[in-house]
>>> print(open('entry-v7.txt').read())   # compact mmCIF, C-alpha atoms
# COMPACT_ATOMS: atom_id res chain seq x y z
CA MET F 62 118.25 101.14 134.47
CA THR F 63 120.21 102.31 137.53
CA TYR F 64 122.52 105.32 137.54
CA ASP F 65 126.19 104.26 137.30
CA ALA F 66 128.77 107.06 137.57
CA THR F 67 131.66 104.73 136.71
CA LEU F 68 130.68 104.19 133.06
CA SER F 69 132.50 105.99 130.24
CA VAL F 70 130.53 107.99 127.67
CA GLU F 71 130.90 105.18 125.13
CA GLN F 72 129.79 102.53 127.64
CA GLU F 73 126.85 104.65 128.72
CA LEU F 74 125.69 105.18 125.13
CA GLU F 75 125.99 101.46 124.34
CA ARG F 76 124.13 100.52 127.52
CA PHE F 77 121.40 103.06 126.89
CA MET F 78 120.83 102.02 123.26
CA SER F 79 120.86 98.28 123.99
CA GLY F 80 118.15 98.83 126.58
CA LEU F 81 116.08 100.95 124.20
CA VAL F 82 116.34 98.43 121.36
CA ARG F 83 115.38 95.60 123.70
CA ARG F 84 112.27 97.48 124.85
CA ASN F 85 111.32 98.57 121.33
CA PRO F 86 112.19 95.63 119.04
CA GLY F 87 112.06 96.12 115.29
CA GLU F 88 111.45 99.89 115.46
CA GLU F 89 114.42 100.88 113.31
CA GLU F 90 113.35 104.46 112.58
CA PHE F 91 112.82 105.10 116.28
CA HIS F 92 116.20 103.56 117.12
CA GLN F 93 117.88 105.80 114.53
CA ALA F 94 116.25 108.99 115.81
CA VAL F 95 117.09 108.22 119.44
CA HIS F 96 120.69 107.24 118.68
CA GLU F 97 121.26 110.49 116.81
CA VAL F 98 120.13 112.44 119.87
CA ALA F 99 121.72 110.21 122.52
CA ALA F 100 125.12 110.39 120.81
CA THR F 101 125.29 114.10 121.67
CA ILE F 102 123.15 114.27 124.83
CA ILE F 103 124.94 111.50 126.75
CA PRO F 104 128.36 113.25 126.46
CA PHE F 105 126.64 116.52 127.46
CA ILE F 106 125.03 115.09 130.61
CA HIS F 107 127.94 112.80 131.53
CA ASP F 108 129.20 115.24 134.18
CA LYS F 109 125.72 116.52 135.12
CA PRO F 110 124.31 114.12 137.76
CA ARG F 111 121.08 116.12 138.15
CA TYR F 112 120.00 115.01 134.64
CA ARG F 113 121.44 111.50 134.90
CA LYS F 114 120.06 110.61 138.32
CA ALA F 115 116.59 111.76 137.24
CA HIS F 116 116.91 109.58 134.11
CA ILE F 117 115.68 112.42 131.92
CA LEU F 118 116.82 110.84 128.65
CA GLU F 119 115.25 107.49 129.52
CA ARG F 120 111.97 109.25 130.32
CA LEU F 121 112.11 111.27 127.10
CA THR F 122 112.43 108.10 125.02
CA GLU F 123 109.40 106.45 126.63
CA PRO F 124 106.25 108.19 125.30
CA ASP F 125 103.72 109.41 127.85
CA ARG F 126 101.19 107.26 126.02
CA VAL F 127 100.61 105.52 122.71
CA ILE F 128 97.04 105.27 121.46
CA ILE F 129 96.17 102.70 118.76
CA PHE F 130 92.67 102.32 117.41
CA ARG F 131 90.63 100.70 114.64
CA VAL F 132 89.17 102.93 111.92
CA CYS F 133 86.19 101.46 110.03
CA TRP F 134 84.70 103.22 107.01
CA GLU F 135 82.84 102.46 103.78
CA ASP F 136 84.22 103.02 100.30
CA ASP F 137 82.11 104.26 97.37
CA GLU F 138 81.06 100.68 96.51
CA GLY F 139 79.71 100.10 100.00
CA ASN F 140 82.60 97.84 101.06
CA VAL F 141 83.65 98.04 104.71
CA ARG F 142 87.32 99.00 105.01
CA VAL F 143 89.51 98.72 108.10
CA ASN F 144 92.61 100.79 108.87
CA ARG F 145 94.74 101.33 111.95
CA GLY F 146 94.99 104.75 113.57
CA TYR F 147 97.62 106.04 115.99
CA ARG F 148 98.47 108.94 118.25
CA VAL F 149 101.85 109.03 120.03
CA GLN F 150 101.86 111.59 122.86
CA CYS F 151 105.57 111.76 123.61
CA ASN F 152 106.11 114.61 126.09
CA ASN F 153 104.07 117.56 127.33
CA ALA F 154 106.53 119.06 129.81
CA ILE F 155 106.49 122.50 128.16
CA GLY F 156 103.02 122.59 126.59
CA PRO F 157 100.20 120.60 124.96
CA TYR F 158 101.27 117.76 122.68
CA LYS F 159 101.79 119.21 119.18
CA GLY F 160 102.55 117.40 115.95
CA GLY F 161 101.08 116.31 112.67
CA LEU F 162 98.92 113.47 111.40
CA ARG F 163 100.30 111.34 108.57
CA PHE F 164 98.07 109.25 106.26
CA HIS F 165 100.24 106.87 104.27
CA PRO F 166 100.23 103.08 103.70
CA ASP F 167 103.76 102.84 105.17
CA VAL F 168 102.82 104.43 108.50
CA THR F 169 103.97 102.28 111.42
CA LEU F 170 104.33 102.77 115.14
CA SER F 171 108.11 103.05 114.70
CA THR F 172 107.74 105.92 112.24
CA LEU F 173 105.35 107.82 114.49
CA LYS F 174 107.45 107.28 117.63
CA PHE F 175 110.51 108.68 115.87
CA LEU F 176 108.53 111.66 114.62
CA ALA F 177 106.99 112.35 118.05
CA PHE F 178 110.42 112.12 119.70
CA GLU F 179 111.94 114.51 117.16
CA GLN F 180 108.93 116.81 117.53
CA THR F 181 109.61 117.20 121.26
CA PHE F 182 113.05 118.70 120.55
CA LYS F 183 111.87 120.68 117.54
CA ASN F 184 109.02 122.31 119.43
CA SER F 185 111.33 123.14 122.31
CA LEU F 186 113.72 124.91 119.92
CA THR F 187 110.95 127.22 118.66
CA GLY F 188 110.66 128.79 122.11
CA LEU F 189 106.89 128.32 122.00
CA PRO F 190 104.96 126.36 124.69
CA MET F 191 104.40 123.12 122.79
CA GLY F 192 105.10 119.50 123.67
CA GLY F 193 105.75 116.71 121.18
CA GLY F 194 103.33 114.28 119.55
CA LYS F 195 102.57 112.62 116.22
CA GLY F 196 99.85 110.46 114.77
CA GLY F 197 98.26 109.08 111.64
CA ALA F 198 96.99 105.98 109.94
CA ASP F 199 97.99 103.39 107.33
CA PHE F 200 95.39 104.91 105.00
CA ASN F 201 96.35 106.03 101.50
CA PRO F 202 94.33 109.07 100.31
CA LYS F 203 95.80 108.76 96.80
CA GLY F 204 93.25 107.43 94.35
CA LYS F 205 90.38 107.88 96.79
CA SER F 206 87.37 110.05 96.01
CA ASP F 207 86.62 113.12 98.12
CA SER F 208 83.67 111.23 99.63
CA GLU F 209 85.88 108.31 100.63
CA VAL F 210 88.47 110.62 102.18
CA MET F 211 85.69 112.43 104.06
CA ARG F 212 84.25 109.19 105.45
CA PHE F 213 87.67 107.98 106.53
CA CYS F 214 88.54 111.31 108.21
CA GLN F 215 85.23 111.36 110.04
CA ALA F 216 85.72 107.79 111.29
CA PHE F 217 89.32 108.56 112.28
CA MET F 218 88.34 111.70 114.22
CA THR F 219 85.49 109.88 115.97
CA GLN F 220 88.15 107.71 117.61
CA LEU F 221 90.83 110.39 118.05
CA SER F 222 88.58 113.13 119.45
CA ARG F 223 88.48 111.68 122.97
CA HIS F 224 92.28 112.05 123.26
CA ILE F 225 92.87 115.61 121.95
CA GLY F 226 91.93 119.19 122.79
CA GLN F 227 93.27 122.73 122.52
CA ASN F 228 94.96 122.43 125.94
CA THR F 229 95.77 118.72 125.67
CA ASP F 230 96.95 117.73 122.20
CA VAL F 231 96.74 119.78 119.00
CA PRO F 232 97.35 117.78 115.79
CA ALA F 233 98.14 119.27 112.39
CA GLY F 234 98.71 118.01 108.86
CA ASP F 235 101.64 116.01 107.51
CA ILE F 236 102.18 113.68 104.54
CA GLY F 237 98.78 112.75 103.12
CA VAL F 238 96.94 115.22 105.35
CA GLY F 239 96.45 118.54 103.60
CA ALA F 240 93.78 121.24 103.58
CA ARG F 241 91.05 118.84 102.44
CA GLU F 242 91.73 116.32 105.19
CA ILE F 243 92.12 118.97 107.91
CA GLY F 244 88.73 120.41 106.93
CA TYR F 245 86.99 117.04 107.25
CA LEU F 246 88.77 116.27 110.54
CA PHE F 247 87.99 119.65 112.08
CA GLY F 248 84.36 119.51 110.97
CA GLN F 249 83.88 116.10 112.60
CA HIS F 250 85.52 117.26 115.83
CA LYS F 251 83.23 120.28 115.90
CA ARG F 252 80.21 118.05 115.34
CA LEU F 253 81.22 115.63 118.11
CA THR F 254 82.09 118.21 120.76
CA ASN F 255 79.76 121.08 119.84
CA GLU F 256 82.78 123.37 120.30
CA PHE F 257 84.70 125.63 117.94
CA THR F 258 88.23 125.55 119.33
CA GLY F 259 91.77 125.57 117.99
CA VAL F 260 92.09 121.80 118.32
CA LEU F 261 93.75 121.43 114.90
CA THR F 262 96.19 123.66 113.05
CA GLY F 263 96.63 124.03 109.31
CA LYS F 264 92.98 124.99 109.02
CA GLY F 265 91.53 126.97 106.13
CA LEU F 266 91.58 130.77 106.43
CA SER F 267 87.78 130.86 106.50
CA TYR F 268 87.59 128.86 109.74
CA GLY F 269 90.49 129.89 111.94
CA GLY F 270 93.56 129.12 109.89
CA SER F 271 96.65 131.29 109.66
CA LEU F 272 98.30 133.06 106.78
CA VAL F 273 101.78 131.70 105.85
CA ARG F 274 101.06 128.25 107.40
CA THR F 275 101.26 126.49 104.02
CA GLU F 276 104.57 128.15 103.19
CA ALA F 277 106.11 128.09 106.66
CA THR F 278 108.10 124.83 106.66
CA GLY F 279 109.73 125.52 103.29
CA TYR F 280 110.36 129.17 104.08
CA GLY F 281 111.78 128.27 107.49
CA ALA F 282 114.24 125.75 106.04
CA VAL F 283 115.55 128.45 103.72
CA TYR F 284 115.69 131.09 106.46
CA PHE F 285 117.80 128.68 108.50
CA LEU F 286 120.01 127.94 105.48
CA GLN F 287 120.40 131.68 104.94
CA ASP F 288 121.61 132.07 108.54
CA MET F 289 124.07 129.17 108.11
CA MET F 290 125.47 130.76 104.96
CA ARG F 291 125.74 134.08 106.78
CA GLU F 292 127.68 132.28 109.53
CA LYS F 293 130.07 131.13 106.78
CA GLY F 294 130.42 134.69 105.50
CA THR F 295 128.40 134.26 102.31
CA THR F 296 124.82 134.40 100.96
CA LEU F 297 122.46 132.38 98.79
CA GLU F 298 122.76 134.84 95.91
CA GLY F 299 123.89 133.01 92.77
CA LYS F 300 124.01 129.59 94.44
CA THR F 301 122.68 126.48 92.67
CA ALA F 302 120.16 124.57 94.80
CA VAL F 303 119.02 120.96 94.53
CA VAL F 304 115.62 120.33 96.15
CA SER F 305 113.80 117.02 96.53
CA GLY F 306 110.04 116.63 96.77
CA SER F 307 107.27 118.64 95.13
CA GLY F 308 104.81 119.13 97.98
CA ASN F 309 104.33 122.25 100.06
CA VAL F 310 107.73 122.08 101.76
CA ALA F 311 109.69 121.66 98.53
CA THR F 312 107.75 124.15 96.42
CA TYR F 313 107.79 126.94 98.99
CA ALA F 314 111.44 126.28 99.79
CA ALA F 315 112.08 126.69 96.07
CA GLN F 316 110.05 129.91 96.02
CA LYS F 317 112.04 131.43 98.89
CA LEU F 318 115.36 130.27 97.41
CA MET F 319 114.47 132.01 94.15
CA ALA F 320 113.51 135.18 96.03
CA LEU F 321 116.94 135.19 97.68
CA GLY F 322 118.75 134.86 94.36
CA ALA F 323 119.44 131.11 94.23
CA LYS F 324 118.83 128.93 91.18
CA VAL F 325 116.66 125.86 91.88
CA VAL F 326 117.38 123.12 89.32
CA THR F 327 115.51 120.04 90.63
CA LEU F 328 112.25 118.85 92.16
CA SER F 329 111.06 115.27 92.54
CA ASP F 330 108.30 112.87 93.51
CA SER F 331 108.14 109.12 94.10
CA SER F 332 108.52 108.46 90.36
CA GLY F 333 111.81 110.32 89.87
CA TYR F 334 113.22 113.84 89.52
CA ILE F 335 113.37 116.64 86.97
CA TYR F 336 116.58 118.51 86.18
CA ASP F 337 116.11 122.01 84.78
CA PRO F 338 119.59 123.55 84.27
CA GLU F 339 118.06 126.98 83.54
CA GLY F 340 116.36 126.92 86.93
CA LEU F 341 112.76 127.38 88.02
CA ASP F 342 110.97 130.69 87.65
CA GLU F 343 107.58 131.94 88.87
CA GLU F 344 105.73 130.54 85.85
CA LYS F 345 107.30 127.10 86.24
CA LEU F 346 106.64 127.07 89.97
CA ALA F 347 103.00 128.00 89.39
CA PHE F 348 102.74 125.04 87.02
CA ILE F 349 104.13 122.72 89.72
CA LEU F 350 101.70 124.05 92.32
CA GLU F 351 98.74 123.50 89.99
CA LEU F 352 100.06 120.09 88.93
CA LYS F 353 100.46 118.80 92.49
CA ASN F 354 97.71 120.58 94.40
CA VAL F 355 94.90 120.61 91.84
CA ARG F 356 95.47 117.87 89.27
CA ARG F 357 97.58 115.65 91.59
CA GLY F 358 99.78 114.73 88.63
CA ARG F 359 103.34 113.42 88.31
CA ILE F 360 106.52 115.50 88.18
CA SER F 361 107.37 114.01 84.77
CA GLU F 362 104.68 116.27 83.30
CA TYR F 363 106.94 119.24 84.08
CA ALA F 364 109.71 117.66 81.98
CA ASP F 365 107.27 117.11 79.10
CA LYS F 366 106.01 120.70 79.23
CA TYR F 367 109.36 122.48 79.52
CA GLY F 368 111.58 120.06 77.59
CA VAL F 369 113.94 119.22 80.44
CA THR F 370 115.38 115.97 81.74
CA PHE F 371 113.31 113.55 83.78
CA VAL F 372 115.29 110.85 85.60
CA GLU F 373 113.01 107.97 86.48
CA GLY F 374 113.24 106.14 89.78
CA LYS F 375 116.09 108.20 91.23
CA ARG F 376 116.64 111.08 93.63
CA PRO F 377 118.39 114.30 92.61
CA TRP F 378 121.53 114.04 94.76
CA GLU F 379 123.77 113.27 91.78
CA VAL F 380 123.19 116.77 90.35
CA PRO F 381 126.03 119.29 90.98
CA CYS F 382 124.99 122.04 93.40
CA ASP F 383 126.08 124.48 96.08
CA VAL F 384 123.26 123.75 98.53
CA ALA F 385 120.83 120.84 98.99
CA LEU F 386 117.41 120.75 100.62
CA PRO F 387 115.92 117.26 101.12
CA CYS F 388 112.18 117.97 101.41
CA ALA F 389 110.55 114.62 100.59
CA THR F 390 110.76 111.90 103.25
CA GLN F 391 112.97 110.19 105.85
CA ASN F 392 116.28 108.57 104.89
CA GLU F 393 116.23 109.85 101.31
CA ILE F 394 119.95 110.73 101.45
CA ASN F 395 122.19 107.72 102.13
CA LYS F 396 125.96 107.55 102.45
CA LYS F 397 126.50 107.16 98.69
CA ASP F 398 124.23 110.15 97.99
CA ALA F 399 126.13 112.25 100.52
CA GLU F 400 129.45 111.34 98.93
CA ALA F 401 128.07 112.37 95.53
CA LEU F 402 126.89 115.72 96.90
CA VAL F 403 130.29 116.39 98.50
CA SER F 404 132.20 115.48 95.34
CA ASN F 405 129.90 117.70 93.28
CA GLY F 406 130.60 120.80 95.37
CA CYS F 407 127.75 120.97 97.90
CA VAL F 408 128.69 123.18 100.88
CA ALA F 409 125.44 123.23 102.90
CA VAL F 410 122.43 120.98 103.56
CA SER F 411 119.19 122.10 105.21
CA GLU F 412 116.66 119.36 106.02
CA GLY F 413 113.11 120.30 105.03
CA ALA F 414 111.69 116.81 105.59
CA ASN F 415 111.83 114.87 108.87
CA MET F 416 115.13 112.97 109.28
CA PRO F 417 115.77 112.69 105.52
CA THR F 418 119.49 111.99 105.98
CA SER F 419 120.82 108.69 107.32
CA GLU F 420 123.34 108.76 110.18
CA ASP F 421 126.24 107.58 108.03
CA ALA F 422 125.37 110.27 105.44
CA VAL F 423 125.43 112.95 108.16
CA ALA F 424 128.88 111.68 109.14
CA VAL F 425 130.04 112.12 105.52
CA PHE F 426 128.83 115.73 105.47
CA GLN F 427 130.42 116.58 108.80
CA ALA F 428 133.75 114.96 107.89
CA ALA F 429 133.83 116.97 104.64
CA GLY F 430 133.06 120.27 106.37
CA VAL F 431 129.60 120.61 104.80
CA VAL F 432 127.39 122.63 107.15
CA PHE F 433 124.42 120.44 107.99
CA ALA F 434 121.14 121.57 109.55
CA PRO F 435 119.09 118.70 111.08
CA SER F 436 115.35 118.71 110.61
CA LYS F 437 114.55 119.41 114.25
CA ALA F 438 116.08 122.84 113.68
CA ALA F 439 115.74 123.53 109.96
CA ASN F 440 112.14 122.45 109.41
CA ALA F 441 110.74 123.87 112.66
CA GLY F 442 109.10 126.72 110.73
CA GLY F 443 105.95 124.70 110.11
CA VAL F 444 105.26 123.88 113.73
CA ALA F 445 106.31 127.39 114.75
CA MET F 446 103.58 128.79 112.50
CA SER F 447 101.18 126.21 113.94
CA GLY F 448 102.03 127.57 117.38
CA LEU F 449 101.25 131.07 116.14
CA GLU F 450 97.95 129.77 114.72
CA MET F 451 97.14 128.41 118.19
CA SER F 452 97.83 131.84 119.68
CA GLN F 453 95.58 133.53 117.13
CA ASN F 454 92.79 131.02 117.82
CA SER F 455 93.09 131.54 121.59
CA GLY F 456 92.91 135.31 121.21
CA ARG F 457 90.27 135.25 118.42
CA ILE F 458 92.58 137.41 116.29
CA SER F 459 94.33 137.23 112.91
CA TRP F 460 97.80 138.58 112.23
CA THR F 461 98.86 139.94 108.84
CA GLU F 462 101.12 138.14 106.40
CA ASP F 463 103.92 140.63 107.09
CA ASP F 464 103.58 140.14 110.86
CA LEU F 465 103.72 136.36 110.50
CA ASN F 466 106.66 136.35 108.09
CA LYS F 467 108.57 138.58 110.52
CA GLN F 468 107.76 136.30 113.45
CA LEU F 469 108.73 133.21 111.43
CA SER F 470 112.05 134.77 110.40
CA ASP F 471 112.75 135.79 114.01
CA ILE F 472 111.96 132.30 115.33
CA MET F 473 114.31 130.68 112.81
CA LYS F 474 117.05 133.19 113.71
CA ASN F 475 116.58 132.34 117.38
CA ILE F 476 116.80 128.61 116.61
CA HIS F 477 120.01 129.24 114.69
CA HIS F 478 121.36 131.26 117.62
CA THR F 479 120.55 128.42 120.03
CA CYS F 480 122.23 125.85 117.77
CA ALA F 481 125.30 128.06 117.43
CA GLU F 482 125.44 128.63 121.20
CA TYR F 483 125.50 124.93 122.08
CA GLY F 484 127.17 123.61 118.94
CA ARG F 485 130.08 125.99 118.40
CA GLU F 486 133.45 124.29 118.18
CA GLY F 487 136.08 126.91 117.46
CA ASP F 488 135.18 128.61 114.18
CA HIS F 489 132.79 125.79 113.24
CA VAL F 490 129.21 125.06 114.35
CA ASP F 491 128.01 121.48 114.82
CA TYR F 492 124.29 122.09 114.22
CA VAL F 493 123.33 118.53 115.15
CA LYS F 494 124.93 118.87 118.57
CA GLY F 495 123.59 122.39 119.04
CA ALA F 496 120.01 121.48 118.13
CA ASN F 497 119.97 118.39 120.34
CA ILE F 498 121.40 120.09 123.42
CA GLY F 499 119.42 123.30 122.94
CA GLY F 500 116.16 121.37 122.58
CA PHE F 501 116.97 119.03 125.47
CA ILE F 502 117.76 121.62 128.13
CA LYS F 503 114.38 123.37 128.13
CA VAL F 504 112.39 120.12 128.31
CA ALA F 505 114.72 118.61 130.90
CA GLU F 506 114.48 121.61 133.22
CA ALA F 507 110.68 121.49 133.06
CA MET F 508 110.69 117.77 133.81
CA LEU F 509 112.98 118.30 136.81
CA ALA F 510 110.67 121.01 138.12
CA TYR F 511 107.72 118.59 138.21
CA GLY F 512 109.51 115.89 140.19
CA VAL F 513 109.06 112.24 139.26
CA LEU F 514 106.08 111.94 136.91
>>> encode(input="entry-v7.txt", output="structure tokens")
Amino acid sequence: MTYDATLSVEQELERFMSGLVRRNPGEEEFHQAVHEVAATIIPFIHDKPRYRKAHILERLTEPDRVIIFRVCWEDDEGNVRVNRGYRVQCNNAIGPYKGGLRFHPDVTLSTLKFLAFEQTFKNSLTGLPMGGGKGGADFNPKGKSDSEVMRFCQAFMTQLSRHIGQNTDVPAGDIGVGAREIGYLFGQHKRLTNEFTGVLTGKGLSYGGSLVRTEATGYGAVYFLQDMMREKGTTLEGKTAVVSGSGNVATYAAQKLMALGAKVVTLSDSSGYIYDPEGLDEEKLAFILELKNVRRGRISEYADKYGVTFVEGKRPWEVPCDVALPCATQNEINKKDAEALVSNGCVAVSEGANMPTSEDAVAVFQAAGVVFAPSKAANAGGVAMSGLEMSQNSGRISWTEDDLNKQLSDIMKNIHHTCAEYGREGDHVDYVKGANIGGFIKVAEAMLAYGVL
């Protein structure tokens, strides 16, 4: 695509997106993620020929490489099973590729390309030297024995190991890849390479992991929400919070919300959501953690135990609240959900999951004056802590929980400051615009410094 200085912003955006869709047919999640960024970056670079002539945005939306491989393994009955594995290495202009691995039957190349693209901006916002990547497989660990999960992880890492390294690409966990899976993956990499390096993050504390890593994404989303509320001249004290999900992000977001004086009234899983009008407490949260991390049960068991409402097959966005934290999966808040949240009094949304709000839902929030934190800013706490784990591994040191919580809080404050700097419009902050531009500038300047690569 040639540089054309005569095009308007609207024409340039339409031209850019039509080209991207043509080159990436059927990848709807990737199209959505790129459009959300391009809609703010193209106006920003419209009068900046140095970015436009170098085609920085076009280069950012074309991954450095996409690796697809077959994963063969045996189940407990001796049957040969075949899955597809991926690693999308999007951009390493400011550091090694960094991003999670997702094991889920719905994993597609489109999903991973959107996540790797988002990760590039997110990692830039942290201020740490990390590029953007993402990977995974269409493997479902649910219902599998530990032995089956181990055999799959070992087969997956046998293929992936030739493409990663502590100075090349450092994966982590994501949906379907928790402590168990990271242990199997790291062990296989160690066996294959005969090296003990920080090639994966999210490791167990006994073999190079970091304190606060499990809590970091949820805590970070709440720290960012706290800063947004402070920007509005208020706090989280006494606010009613609706949270979706019941994994690490959701449960630790709930824990931090409670610590800051908010009342958390919902959690959810794929079967539905619970509504507890009295709010969670430490005992109830401990039950959820045991239910999900040990017994791998369903959220409806919470409703049975504590005598609260379970709403089957729905998400919790119809529940009245002051703040909302979507912490489950992408596109879980649609336009109708957003309208319900606005009409029920929601004043702030902080995304704990990756791109959990559709574009038309974001437009509803922004039109209503709801402060909205996109995931590339709000859920950057997890990868920030992964970056700190990489630093600890490189230095063969371990920082204390207090040290790490302080660093996490500082990083989230700095991200908020960056978003406010580039997104301020009078007395209002457009956090989507601020996050996109703030993340873009650092990567773009590095790419310009290298010349045409």
>>> residues_around(input="entry-v7.txt", residues="Ser69 in chain F", least_positions_apart="3", cutoff="12 Å", atoms="only C-alpha atoms", output="list in words")
Asp65, Ala66, Gln72, Glu73, Leu74, Glu75, Arg76, Phe77, Ile103, Pro104, Ile106, His107 and Asp108 of chain F
>>> axis_aligned_box(input="entry-v7.txt", around="range 179-182 of chain F", padding_each_side="3 Å", output="lines of an AutoDock Vina configuration file")
center_x = 111.0
center_y = 116.6
center_z = 119.2
size_x = 10.1
size_y = 10.2
size_z = 10.1
>>> closest_residue(input="entry-v7.txt", among="F:Ser307, F:Gln227, F:Gln287, F:Gln220", to="Ala323 in chain F", atoms="only C-alpha atoms")
F:Gln287
>>> closest_residue(input="entry-v7.txt", among="F:Asn309, F:Gly265, F:Ala505, F:Met191", to="Lys353 in chain F", atoms="all atoms listed in the file")
F:Asn309
>>> residues_around(input="entry-v7.txt", residues="Ala445 in chain F", least_positions_apart="2", cutoff="9 Å", atoms="only C-alpha atoms", output="ChimeraX atom specification")
/F:184,187-189,277-278,441-443,447-450,469,472-473
>>> write_last_selection(input="entry-v7.txt", atoms="C-alpha atoms", output="mmCIF file, keeping the file's coordinate frame")
data_model
loop_
_atom_site.group_PDB
_atom_site.id
_atom_site.type_symbol
_atom_site.label_atom_id
_atom_site.label_comp_id
_atom_site.auth_asym_id
_atom_site.auth_seq_id
_atom_site.Cartn_x
_atom_site.Cartn_y
_atom_site.Cartn_z
ATOM 1 C CA ASN F 184 109.020 122.310 119.430
ATOM 2 C CA THR F 187 110.950 127.220 118.660
ATOM 3 C CA GLY F 188 110.660 128.790 122.110
ATOM 4 C CA LEU F 189 106.890 128.320 122.000
ATOM 5 C CA ALA F 277 106.110 128.090 106.660
ATOM 6 C CA THR F 278 108.100 124.830 106.660
ATOM 7 C CA ALA F 441 110.740 123.870 112.660
ATOM 8 C CA GLY F 442 109.100 126.720 110.730
ATOM 9 C CA GLY F 443 105.950 124.700 110.110
ATOM 10 C CA SER F 447 101.180 126.210 113.940
ATOM 11 C CA GLY F 448 102.030 127.570 117.380
ATOM 12 C CA LEU F 449 101.250 131.070 116.140
ATOM 13 C CA GLU F 450 97.950 129.770 114.720
ATOM 14 C CA LEU F 469 108.730 133.210 111.430
ATOM 15 C CA ILE F 472 111.960 132.300 115.330
ATOM 16 C CA MET F 473 114.310 130.680 112.810
#
>>> closest_residue(input="entry-v7.txt", among="F:Phe200, F:Phe426, F:Phe178, F:Phe371", to="Lys397 in chain F", atoms="only C-alpha atoms")
F:Phe426
>>> closest_residue(input="entry-v7.txt", among="F:Arg376, F:Lys174, F:Arg212, F:His250", to="Arg142 in chain F", atoms="only C-alpha atoms")
F:Arg212
>>> atom_distance(input="entry-v7.txt", atom1="CA of Thr169 in chain F", atom2="CA of Cys214 in chain F")
18.2 Å
>>> atom_distance(input="entry-v7.txt", atom1="CA of Ser411 in chain F", atom2="CA of Ala385 in chain F")
6.6 Å
>>> decode(input="entry-v7.txt", residues="range 229-241 of chain F", atoms="N, CA and C atoms", output="PDB file, in the first residue's frame")
ATOM      1  N   THR F 229      14.640 -14.728  23.157  1.00  0.00           N
ATOM      2  CA  THR F 229      13.949 -14.801  21.865  1.00  0.00           C
ATOM      3  C   THR F 229      12.445 -14.656  22.035  1.00  0.00           C
ATOM      4  N   ASP F 230      11.854 -15.538  22.805  1.00  0.00           N
ATOM      5  CA  ASP F 230      10.401 -15.590  22.976  1.00  0.00           C
ATOM      6  C   ASP F 230      10.135 -16.303  24.288  1.00  0.00           C
ATOM      7  N   VAL F 231       9.403 -15.643  25.186  1.00  0.00           N
ATOM      8  CA  VAL F 231       9.168 -16.176  26.527  1.00  0.00           C
ATOM      9  C   VAL F 231       7.660 -16.333  26.750  1.00  0.00           C
ATOM     10  N   PRO F 232       7.104 -17.534  26.516  1.00  0.00           N
ATOM     11  CA  PRO F 232       5.674 -17.747  26.741  1.00  0.00           C
ATOM     12  C   PRO F 232       5.316 -17.753  28.235  1.00  0.00           C
ATOM     13  N   ALA F 233       4.026 -17.739  28.490  1.00  0.00           N
ATOM     14  CA  ALA F 233       3.487 -17.817  29.850  1.00  0.00           C
ATOM     15  C   ALA F 233       2.179 -18.596  29.773  1.00  0.00           C
ATOM     16  N   GLY F 234       1.417 -18.583  30.845  1.00  0.00           N
ATOM     17  CA  GLY F 234       0.116 -19.240  30.849  1.00  0.00           C
ATOM     18  C   GLY F 234      -0.984 -18.323  30.346  1.00  0.00           C
ATOM     19  N   ASP F 235      -2.132 -18.902  30.104  1.00  0.00           N
ATOM     20  CA  ASP F 235      -3.332 -18.172  29.704  1.00  0.00           C
ATOM     21  C   ASP F 235      -4.492 -19.125  29.990  1.00  0.00           C
ATOM     22  N   ILE F 236      -5.617 -18.952  29.330  1.00  0.00           N
ATOM     23  CA  ILE F 236      -6.757 -19.837  29.525  1.00  0.00           C
ATOM     24  C   ILE F 236      -6.339 -21.279  29.239  1.00  0.00           C
ATOM     25  N   GLY F 237      -6.606 -22.175  30.181  1.00  0.00           N
ATOM     26  CA  GLY F 237      -6.291 -23.581  30.015  1.00  0.00           C
ATOM     27  C   GLY F 237      -4.848 -23.945  30.287  1.00  0.00           C
ATOM     28  N   VAL F 238      -4.019 -22.968  30.602  1.00  0.00           N
ATOM     29  CA  VAL F 238      -2.611 -23.217  30.897  1.00  0.00           C
ATOM     30  C   VAL F 238      -2.294 -22.575  32.249  1.00  0.00           C
ATOM     31  N   GLY F 239      -2.388 -23.403  33.288  1.00  0.00           N
ATOM     32  CA  GLY F 239      -2.116 -22.948  34.638  1.00  0.00           C
ATOM     33  C   GLY F 239      -0.815 -23.523  35.168  1.00  0.00           C
ATOM     34  N   ALA F 240      -0.703 -23.595  36.488  1.00  0.00           N
ATOM     35  CA  ALA F 240       0.541 -24.050  37.119  1.00  0.00           C
ATOM     36  C   ALA F 240       0.905 -25.470  36.692  1.00  0.00           C
ATOM     37  N   ARG F 241      -0.093 -26.349  36.594  1.00  0.00           N
ATOM     38  CA  ARG F 241       0.180 -27.732  36.191  1.00  0.00           C
ATOM     39  C   ARG F 241       0.798 -27.776  34.804  1.00  0.00           C
TER      40      ARG F 241
END
